[in-house]
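File shown: model33.pdb (PDB, C-alpha atoms, pLDDT in the B column).
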ATOM      1  CA  MET O 259       0.000   0.000   0.000  1.00 85.00           C
ATOM      2  CA  ILE O 260       1.208   3.511  -0.820  1.00 92.00           C
ATOM      3  CA  PRO O 261       1.869   5.609   2.303  1.00 95.00           C
ATOM      4  CA  ALA O 262      -0.507   8.508   2.959  1.00 95.00           C
ATOM      5  CA  TRP O 263       2.348  11.038   2.853  1.00 96.00           C
ATOM      6  CA  ILE O 264       2.861  10.094  -0.815  1.00 97.00           C
ATOM      7  CA  LEU O 265      -0.710   9.313  -1.867  1.00 96.00           C
ATOM      8  CA  ILE O 266      -2.438  12.415  -0.465  1.00 97.00           C
ATOM      9  CA  PRO O 267      -0.074  14.925  -2.139  1.00 97.00           C
ATOM     10  CA  ALA O 268      -0.205  12.914  -5.385  1.00 97.00           C
ATOM     11  CA  ILE O 269      -4.011  13.074  -5.417  1.00 96.00           C
ATOM     12  CA  ALA O 270      -3.997  16.769  -4.471  1.00 96.00           C
ATOM     13  CA  ILE O 271      -1.571  17.599  -7.288  1.00 95.00           C
ATOM     14  CA  ALA O 272      -3.567  15.522  -9.781  1.00 96.00           C
ATOM     15  CA  VAL O 273      -6.781  17.336  -8.779  1.00 95.00           C
ATOM     16  CA  ALA O 274      -5.051  20.722  -9.003  1.00 93.00           C
ATOM     17  CA  PHE O 275      -3.727  20.090 -12.503  1.00 92.00           C
ATOM     18  CA  GLY O 276      -6.860  18.257 -13.620  1.00 93.00           C
ATOM     19  CA  LEU O 277      -9.292  21.006 -12.646  1.00 90.00           C
ATOM     20  CA  ASN O 278      -7.192  24.063 -13.382  1.00 86.00           C
ATOM     21  CA  ARG O 279      -7.576  24.168 -17.181  1.00 87.00           C
ATOM     22  CA  LEU O 280      -7.551  27.628 -18.704  1.00 92.00           C
ATOM     23  CA  SER O 281      -7.426  28.619 -22.348  1.00 94.00           C
ATOM     24  CA  GLN O 282      -5.557  31.705 -23.538  1.00 95.00           C
ATOM     25  CA  ARG O 283      -8.960  33.330 -24.027  1.00 96.00           C
ATOM     26  CA  ASP O 284      -9.858  32.606 -20.374  1.00 95.00           C
ATOM     27  CA  ILE O 285      -6.551  34.029 -19.168  1.00 94.00           C
ATOM     28  CA  ARG O 286      -6.997  37.184 -21.278  1.00 95.00           C
ATOM     29  CA  TRP O 287     -10.525  37.666 -19.915  1.00 96.00           C
ATOM     30  CA  PHE O 288      -9.297  37.329 -16.348  1.00 95.00           C
ATOM     31  CA  PHE O 289      -6.337  39.682 -16.699  1.00 94.00           C
ATOM     32  CA  GLN O 290      -8.296  42.420 -18.461  1.00 96.00           C
ATOM     33  CA  LEU O 291     -10.616  42.763 -15.467  1.00 97.00           C
ATOM     34  CA  ARG O 292     -10.243  45.856 -13.318  1.00 96.00           C
ATOM     35  CA  ARG O 293      -9.121  45.261  -9.750  1.00 96.00           C
ATOM     36  CA  PRO O 294      -9.542  47.342  -6.590  1.00 97.00           C
ATOM     37  CA  ARG O 295      -6.765  49.941  -6.168  1.00 96.00           C
ATOM     38  CA  TRP O 296      -5.920  48.547  -2.751  1.00 96.00           C
ATOM     39  CA  LEU O 297      -5.102  45.126  -4.266  1.00 96.00           C
ATOM     40  CA  THR O 298      -1.360  45.777  -4.237  1.00 95.00           C
ATOM     41  CA  PHE O 299      -0.393  42.211  -3.308  1.00 94.00           C
ATOM     42  CA  GLU O 300      -1.805  40.391  -6.357  1.00 94.00           C
ATOM     43  CA  GLY O 301       1.641  39.062  -7.313  1.00 94.00           C
ATOM     44  CA  LEU O 302       1.798  37.227  -3.984  1.00 97.00           C
ATOM     45  CA  ILE O 303      -1.548  35.465  -4.414  1.00 95.00           C
ATOM     46  CA  PRO O 304      -0.190  32.358  -6.224  1.00 94.00           C
ATOM     47  CA  PHE O 305       2.389  31.874  -3.460  1.00 97.00           C
ATOM     48  CA  ILE O 306      -0.256  32.344  -0.778  1.00 97.00           C
ATOM     49  CA  TRP O 307      -2.399  29.659  -2.421  1.00 96.00           C
ATOM     50  CA  ILE O 308       0.565  27.280  -2.746  1.00 96.00           C
ATOM     51  CA  ALA O 309       1.232  27.673   0.986  1.00 97.00           C
ATOM     52  CA  ILE O 310      -2.459  27.125   1.777  1.00 97.00           C
ATOM     53  CA  LEU O 311      -2.600  24.000  -0.401  1.00 97.00           C
ATOM     54  CA  LEU O 312       0.575  22.633   1.235  1.00 97.00           C
ATOM     55  CA  CYS O 313      -0.974  23.235   4.665  1.00 98.00           C
ATOM     56  CA  GLY O 314      -4.096  21.409   3.456  1.00 98.00           C
ATOM     57  CA  MET O 315      -2.057  18.414   2.284  1.00 98.00           C
ATOM     58  CA  VAL O 316      -0.202  18.153   5.596  1.00 98.00           C
ATOM     59  CA  SER O 317      -3.499  18.572   7.435  1.00 98.00           C
ATOM     60  CA  ALA O 318      -5.028  15.722   5.421  1.00 98.00           C
ATOM     61  CA  ILE O 319      -2.025  13.483   6.107  1.00 98.00           C
ATOM     62  CA  LEU O 320      -2.297  14.160   9.853  1.00 98.00           C
ATOM     63  CA  ALA O 321      -6.079  13.699   9.846  1.00 98.00           C
ATOM     64  CA  TRP O 322      -5.727  10.410   7.983  1.00 98.00           C
ATOM     65  CA  GLY O 323      -3.102   9.219  10.455  1.00 97.00           C
ATOM     66  CA  ALA O 324      -5.395  10.071  13.357  1.00 98.00           C
ATOM     67  CA  SER O 325      -8.654   8.766  11.930  1.00 97.00           C
ATOM     68  CA  GLN O 326      -8.237   6.603   8.807  1.00 97.00           C
ATOM     69  CA  SER O 327     -11.540   8.188   7.765  1.00 97.00           C
ATOM     70  CA  TRP O 328     -12.477   8.076   4.083  1.00 97.00           C
ATOM     71  CA  PRO O 329     -15.382  10.515   4.559  1.00 97.00           C
ATOM     72  CA  LEU O 330     -12.936  12.995   6.090  1.00 98.00           C
ATOM     73  CA  MET O 331     -10.639  12.602   3.077  1.00 98.00           C
ATOM     74  CA  GLY O 332     -13.683  13.201   0.891  1.00 98.00           C
ATOM     75  CA  GLY O 333     -14.169  16.489   2.738  1.00 98.00           C
ATOM     76  CA  TYR O 334     -10.616  17.521   1.921  1.00 98.00           C
ATOM     77  CA  LEU O 335     -11.248  16.604  -1.706  1.00 97.00           C
ATOM     78  CA  TRP O 336     -14.425  18.735  -1.817  1.00 97.00           C
ATOM     79  CA  VAL O 337     -12.589  21.754  -0.385  1.00 98.00           C
ATOM     80  CA  GLU O 338      -9.733  21.381  -2.841  1.00 97.00           C
ATOM     81  CA  GLY O 339     -12.254  20.952  -5.645  1.00 96.00           C
ATOM     82  CA  ALA O 340     -13.863  24.265  -4.720  1.00 96.00           C
ATOM     83  CA  ILE O 341     -10.476  25.968  -4.549  1.00 96.00           C
ATOM     84  CA  MET O 342      -9.370  24.625  -7.905  1.00 96.00           C
ATOM     85  CA  ALA O 343     -12.740  25.219  -9.624  1.00 95.00           C
ATOM     86  CA  TYR O 344     -12.848  28.925  -8.728  1.00 96.00           C
ATOM     87  CA  THR O 345     -10.736  30.373 -11.555  1.00 95.00           C
ATOM     88  CA  PRO O 346     -11.544  28.010 -14.435  1.00 96.00           C
ATOM     89  CA  VAL O 347     -15.313  27.991 -13.846  1.00 96.00           C
ATOM     90  CA  MET O 348     -15.435  31.751 -13.322  1.00 96.00           C
ATOM     91  CA  CYS O 349     -13.391  32.343 -16.478  1.00 96.00           C
ATOM     92  CA  LYS O 350     -15.259  29.830 -18.640  1.00 96.00           C
ATOM     93  CA  LEU O 351     -18.601  31.329 -17.604  1.00 96.00           C
ATOM     94  CA  ARG O 352     -17.169  34.889 -17.691  1.00 96.00           C
ATOM     95  CA  SER O 353     -18.884  35.620 -14.393  1.00 97.00           C
ATOM     96  CA  LEU O 354     -17.434  37.234 -11.299  1.00 97.00           C
ATOM     97  CA  THR O 355     -20.685  36.395  -9.504  1.00 97.00           C
ATOM     98  CA  VAL O 356     -20.010  32.702 -10.108  1.00 97.00           C
ATOM     99  CA  GLY O 357     -16.470  33.183  -8.762  1.00 97.00           C
ATOM    100  CA  THR O 358     -17.835  34.884  -5.652  1.00 97.00           C
ATOM    101  CA  ALA O 359     -20.341  32.055  -5.129  1.00 97.00           C
ATOM    102  CA  ILE O 360     -17.665  29.365  -5.534  1.00 97.00           C
ATOM    103  CA  GLY O 361     -15.407  31.228  -3.093  1.00 97.00           C
ATOM    104  CA  GLY O 362     -18.206  31.464  -0.538  1.00 97.00           C
ATOM    105  CA  PHE O 363     -19.170  27.827  -1.030  1.00 98.00           C
ATOM    106  CA  GLY O 364     -15.545  26.758  -0.571  1.00 98.00           C
ATOM    107  CA  PHE O 365     -15.332  28.729   2.666  1.00 98.00           C
ATOM    108  CA  VAL O 366     -18.478  27.026   4.012  1.00 98.00           C
ATOM    109  CA  LEU O 367     -17.050  23.619   3.039  1.00 98.00           C
ATOM    110  CA  GLY O 368     -13.797  24.572   4.770  1.00 98.00           C
ATOM    111  CA  CYS O 369     -15.662  25.489   7.953  1.00 98.00           C
ATOM    112  CA  ILE O 370     -17.541  22.187   7.940  1.00 98.00           C
ATOM    113  CA  LEU O 371     -14.334  20.240   7.291  1.00 98.00           C
ATOM    114  CA  THR O 372     -12.575  22.072  10.116  1.00 98.00           C
ATOM    115  CA  VAL O 373     -15.315  21.121  12.591  1.00 98.00           C
ATOM    116  CA  TYR O 374     -14.853  17.438  11.737  1.00 98.00           C
ATOM    117  CA  VAL O 375     -11.052  17.578  11.645  1.00 98.00           C
ATOM    118  CA  ALA O 376     -11.049  19.242  15.091  1.00 98.00           C
ATOM    119  CA  GLN O 377     -12.494  16.024  16.474  1.00 98.00           C
ATOM    120  CA  VAL O 378      -9.450  14.005  15.380  1.00 98.00           C
ATOM    121  CA  SER O 379      -6.370  16.255  15.323  1.00 98.00           C
ATOM    122  CA  GLY O 380      -5.579  19.664  16.756  1.00 98.00           C
ATOM    123  CA  LEU O 381      -2.562  20.219  14.508  1.00 98.00           C
ATOM    124  CA  ALA O 382      -4.504  19.197  11.397  1.00 98.00           C
ATOM    125  CA  THR O 383      -7.155  21.723  12.425  1.00 98.00           C
ATOM    126  CA  LEU O 384      -4.590  24.514  12.851  1.00 98.00           C
ATOM    127  CA  LEU O 385      -3.252  23.789   9.370  1.00 98.00           C
ATOM    128  CA  LEU O 386      -6.711  24.526   7.936  1.00 98.00           C
ATOM    129  CA  LEU O 387      -6.742  28.021   9.463  1.00 98.00           C
ATOM    130  CA  PRO O 388      -4.741  29.666   6.647  1.00 98.00           C
ATOM    131  CA  TYR O 389      -7.492  28.643   4.214  1.00 98.00           C
ATOM    132  CA  LEU O 390     -10.237  29.844   6.536  1.00 98.00           C
ATOM    133  CA  LEU O 391      -8.485  33.199   6.905  1.00 98.00           C
ATOM    134  CA  TRP O 392      -7.560  33.696   3.241  1.00 97.00           C
ATOM    135  CA  SER O 393     -10.638  32.335   1.475  1.00 97.00           C
ATOM    136  CA  PRO O 394     -12.893  35.220   2.581  1.00 97.00           C
ATOM    137  CA  VAL O 395     -10.242  37.691   1.372  1.00 96.00           C
ATOM    138  CA  GLY O 396     -10.243  36.170  -2.115  1.00 95.00           C
ATOM    139  CA  THR O 397     -14.017  36.041  -2.168  1.00 97.00           C
ATOM    140  CA  PHE O 398     -14.226  39.675  -1.052  1.00 97.00           C
ATOM    141  CA  VAL O 399     -11.789  40.745  -3.791  1.00 97.00           C
ATOM    142  CA  THR O 400     -13.908  38.980  -6.402  1.00 96.00           C
ATOM    143  CA  TRP O 401     -17.066  40.589  -5.026  1.00 96.00           C
ATOM    144  CA  GLN O 402     -15.399  44.004  -5.184  1.00 96.00           C
ATOM    145  CA  MET O 403     -14.379  43.334  -8.787  1.00 97.00           C
ATOM    146  CA  ILE O 404     -18.060  42.948  -9.733  1.00 96.00           C
ATOM    147  CA  LYS O 405     -18.560  46.661  -9.022  1.00 95.00           C
ATOM    148  CA  LEU O 406     -15.491  47.601 -11.068  1.00 96.00           C
ATOM    149  CA  ASN O 407     -16.408  45.450 -14.065  1.00 96.00           C
ATOM    150  CA  PRO O 408     -20.050  46.071 -15.004  1.00 90.00           C
ATOM    151  CA  GLY O 409     -21.275  43.496 -17.471  1.00 88.00           C
ATOM    152  CA  LYS O 410     -18.867  40.856 -16.139  1.00 87.00           C
ATOM    153  CA  ALA O 411     -20.961  40.000 -13.110  1.00 84.00           C
TER     154      ALA O 411
END
Would you mind writing the structure in this file as structure tokens?
Amino acid sequence: MIPAWILIPAIAIAVAFGLNRLSQRDIRWFFQLRRPRWLTFEGLIPFIWIAILLCGMVSAILAWGASQSWPLMGGYLWVEGAIMAYTPVMCKLRSLTVGTAIGGFGFVLGCILTVYVAQVSGLATLLLLPYLLWSPVGTFVTWQMIKLNPGKA
């Protein structure tokens, strides 16, 4: 059997690459959108998400070690699915409202997952906090972009 510390990151990476498909047209649409003036840290966002996803993988490994729970692993998969669906679905549908909804849905899933993970591992729970803190920021930025990009809602 493949150890969890290999299998969980392998699945997470496969999901990330499998769901994050963007065409050049999608990328152009996304980058031509106006952003809030206060969004001065946009260049850091990919690195923030990489750190959050790494925390999520370690959290899942710890939660698996403490619980061996497949439903819990399914929860991690749902949260990652929401994270990875945000940009491609929003860009394919050309809708910031859809992006805001996916961001909000992902946050709710993250809260639910955190409640269940807290029952099996304190450290795994702490490693979910970066997502719970950052996800509302990303969702708020997208919501603010709706006002700046009429017709792209």
Practice item. Just say which residues the PyMOL selection byres ((chain O and resi 297) around 12) picks in this file, as a ChimeraX atom specification. Key: /O:292-296,298-303,395-396,398-400,402-403
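Atom CA of O:Met331 to atom CA of O:Cys369 spans 14.7 Å [interatomic distance, one decimal].
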Check your understanding: So which residues touch stretch 371-388 of chain O within 12 Å, counting all atoms listed in the file, skipping near sequence neighbours fewer than 3 positions away, as JSON, numbers by chain?
Key -> {"O": [306, 307, 308, 309, 310, 311, 312, 313, 314, 315, 316, 317, 318, 319, 320, 321, 322, 323, 324, 325, 326, 327, 329, 330, 331, 332, 333, 334, 335, 336, 337, 338, 364, 365, 366, 367, 368, 391, 392, 393, 394, 395]}
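Taking all atoms listed in the file into account, O:Arg279 lies nearest to O:Cys349 out of the set O:Leu291, O:Cys349, O:Ala340, O:Leu390.
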Review point. Separation of atom CA of O:Val347 and atom CA of O:Phe305, in Å?
Key: 20.9 Å
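Counting from atom CA of O:Gly362, the distance to atom CA of O:Ile285 is 22.1 Å.
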Identify, on the basis of all atoms listed in the file, every residue whose closest approach to O:Ala359 does not exceed 9 Å; exclude the query and any residue fewer than 5 positions from it along the same chain; express the result as a compact mmCIF listing (two decimals) with C-alpha atoms, in the coordinates of the input.
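Heads up, here's the output in selection.txt:
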# COMPACT_ATOMS: atom_id res chain seq x y z
CA TYR O 344 -12.85 28.92 -8.73
CA LEU O 354 -17.43 37.23 -11.30
CA GLY O 364 -15.54 26.76 -0.57
CA THR O 397 -14.02 36.04 -2.17
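For the structure shown here, the set of residues caught by the PyMOL selection byres ((chain O and resi 277) around 9) is Ala272, Val273, Ala274, Phe275, Gly276, Asn278, Arg279, Gly339, Met342, Ala343 and Pro346 of chain O.
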Which residues are near O:Ile404? Cut-off 9 Å, all atoms listed in the file, ignore same chain within fewer than 5 positions. Put them as a PDB file with C-alpha atoms, keeping the file's coordinate frame.
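Okay, around25.pdb is ready:
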ATOM      1  CA  SER O 353     -18.884  35.620 -14.393  1.00 97.00           C
ATOM      2  CA  LEU O 354     -17.434  37.234 -11.299  1.00 97.00           C
ATOM      3  CA  THR O 355     -20.685  36.395  -9.504  1.00 97.00           C
ATOM      4  CA  VAL O 399     -11.789  40.745  -3.791  1.00 97.00           C
ATOM      5  CA  GLY O 409     -21.275  43.496 -17.471  1.00 88.00           C
ATOM      6  CA  LYS O 410     -18.867  40.856 -16.139  1.00 87.00           C
ATOM      7  CA  ALA O 411     -20.961  40.000 -13.110  1.00 84.00           C
TER       8      ALA O 411
END
Exercise for review: Find, counting only C-alpha atoms, the residue in O:Pro304, O:Phe363, O:Gln290, O:Leu280 that gets nearest to O:Met348.
Suggested key: O:Leu280
Which centre and edge lengths in Å to one decimal define the box along x, y and z that fits every listed atom of stretch 317-325 of chain O plus 6 Å per side, as JSON?
{"center_x": -5.3, "center_y": 13.7, "center_z": 9.4, "size_x": 18.6, "size_y": 21.8, "size_z": 19.9}
Exercise for review: Select, from O:Trp263, O:Trp401, O:Tyr389, O:Trp287, the residue with the minimum atom-to-atom distance to O:Val356, counting all atoms listed in the file.
Suggested key: O:Trp401
How about completing stretch 293-314 of chain O with N, CA and C atoms and giving it to me as a PDB file, in the coordinates of the input?
ATOM      1  N   ARG O 293      -9.247  45.690 -11.139  1.00 96.00           N
ATOM      2  CA  ARG O 293      -9.121  45.261  -9.750  1.00 96.00           C
ATOM      3  C   ARG O 293      -9.200  46.471  -8.823  1.00 96.00           C
ATOM      4  N   PRO O 294      -9.545  46.231  -7.548  1.00 97.00           N
ATOM      5  CA  PRO O 294      -9.542  47.342  -6.590  1.00 97.00           C
ATOM      6  C   PRO O 294      -8.132  47.950  -6.475  1.00 97.00           C
ATOM      7  N   ARG O 295      -8.063  49.254  -6.298  1.00 96.00           N
ATOM      8  CA  ARG O 295      -6.765  49.941  -6.168  1.00 96.00           C
ATOM      9  C   ARG O 295      -5.945  49.402  -5.001  1.00 96.00           C
ATOM     10  N   TRP O 296      -6.624  49.017  -3.936  1.00 96.00           N
ATOM     11  CA  TRP O 296      -5.920  48.547  -2.751  1.00 96.00           C
ATOM     12  C   TRP O 296      -5.334  47.143  -2.918  1.00 96.00           C
ATOM     13  N   LEU O 297      -5.619  46.484  -4.032  1.00 96.00           N
ATOM     14  CA  LEU O 297      -5.102  45.126  -4.266  1.00 96.00           C
ATOM     15  C   LEU O 297      -3.665  45.237  -4.780  1.00 96.00           C
ATOM     16  N   THR O 298      -2.762  45.567  -3.884  1.00 95.00           N
ATOM     17  CA  THR O 298      -1.360  45.777  -4.237  1.00 95.00           C
ATOM     18  C   THR O 298      -0.526  44.500  -4.110  1.00 95.00           C
ATOM     19  N   PHE O 299      -1.110  43.453  -3.597  1.00 94.00           N
ATOM     20  CA  PHE O 299      -0.393  42.211  -3.308  1.00 94.00           C
ATOM     21  C   PHE O 299      -0.757  41.087  -4.281  1.00 94.00           C
ATOM     22  N   GLU O 300      -1.329  41.427  -5.431  1.00 94.00           N
ATOM     23  CA  GLU O 300      -1.805  40.391  -6.357  1.00 94.00           C
ATOM     24  C   GLU O 300      -0.693  39.430  -6.787  1.00 94.00           C
ATOM     25  N   GLY O 301       0.525  39.927  -6.925  1.00 94.00           N
ATOM     26  CA  GLY O 301       1.641  39.062  -7.313  1.00 94.00           C
ATOM     27  C   GLY O 301       1.954  37.986  -6.284  1.00 94.00           C
ATOM     28  N   LEU O 302       1.550  38.204  -5.050  1.00 97.00           N
ATOM     29  CA  LEU O 302       1.798  37.227  -3.984  1.00 97.00           C
ATOM     30  C   LEU O 302       0.724  36.139  -3.918  1.00 97.00           C
ATOM     31  N   ILE O 303      -0.409  36.379  -4.560  1.00 95.00           N
ATOM     32  CA  ILE O 303      -1.548  35.465  -4.414  1.00 95.00           C
ATOM     33  C   ILE O 303      -1.217  34.024  -4.813  1.00 95.00           C
ATOM     34  N   PRO O 304      -0.521  33.772  -5.925  1.00 94.00           N
ATOM     35  CA  PRO O 304      -0.190  32.358  -6.224  1.00 94.00           C
ATOM     36  C   PRO O 304       0.636  31.697  -5.127  1.00 94.00           C
ATOM     37  N   PHE O 305       1.554  32.432  -4.531  1.00 97.00           N
ATOM     38  CA  PHE O 305       2.389  31.874  -3.460  1.00 97.00           C
ATOM     39  C   PHE O 305       1.576  31.638  -2.193  1.00 97.00           C
ATOM     40  N   ILE O 306       0.645  32.526  -1.924  1.00 97.00           N
ATOM     41  CA  ILE O 306      -0.256  32.344  -0.778  1.00 97.00           C
ATOM     42  C   ILE O 306      -1.058  31.064  -0.964  1.00 97.00           C
ATOM     43  N   TRP O 307      -1.610  30.866  -2.166  1.00 96.00           N
ATOM     44  CA  TRP O 307      -2.399  29.659  -2.421  1.00 96.00           C
ATOM     45  C   TRP O 307      -1.552  28.395  -2.362  1.00 96.00           C
ATOM     46  N   ILE O 308      -0.315  28.454  -2.845  1.00 96.00           N
ATOM     47  CA  ILE O 308       0.565  27.280  -2.746  1.00 96.00           C
ATOM     48  C   ILE O 308       0.781  26.927  -1.281  1.00 96.00           C
ATOM     49  N   ALA O 309       1.043  27.927  -0.448  1.00 97.00           N
ATOM     50  CA  ALA O 309       1.232  27.673   0.986  1.00 97.00           C
ATOM     51  C   ALA O 309      -0.032  27.084   1.606  1.00 97.00           C
ATOM     52  N   ILE O 310      -1.189  27.634   1.239  1.00 97.00           N
ATOM     53  CA  ILE O 310      -2.459  27.125   1.777  1.00 97.00           C
ATOM     54  C   ILE O 310      -2.679  25.679   1.351  1.00 97.00           C
ATOM     55  N   LEU O 311      -2.413  25.373   0.087  1.00 97.00           N
ATOM     56  CA  LEU O 311      -2.600  24.000  -0.401  1.00 97.00           C
ATOM     57  C   LEU O 311      -1.611  23.038   0.265  1.00 97.00           C
ATOM     58  N   LEU O 312      -0.384  23.481   0.510  1.00 97.00           N
ATOM     59  CA  LEU O 312       0.575  22.633   1.235  1.00 97.00           C
ATOM     60  C   LEU O 312       0.098  22.374   2.664  1.00 97.00           C
ATOM     61  N   CYS O 313      -0.408  23.418   3.314  1.00 98.00           N
ATOM     62  CA  CYS O 313      -0.974  23.235   4.665  1.00 98.00           C
ATOM     63  C   CYS O 313      -2.126  22.232   4.626  1.00 98.00           C
ATOM     64  N   GLY O 314      -2.970  22.334   3.607  1.00 98.00           N
ATOM     65  CA  GLY O 314      -4.096  21.409   3.456  1.00 98.00           C
ATOM     66  C   GLY O 314      -3.633  19.973   3.278  1.00 98.00           C
TER      67      GLY O 314
END
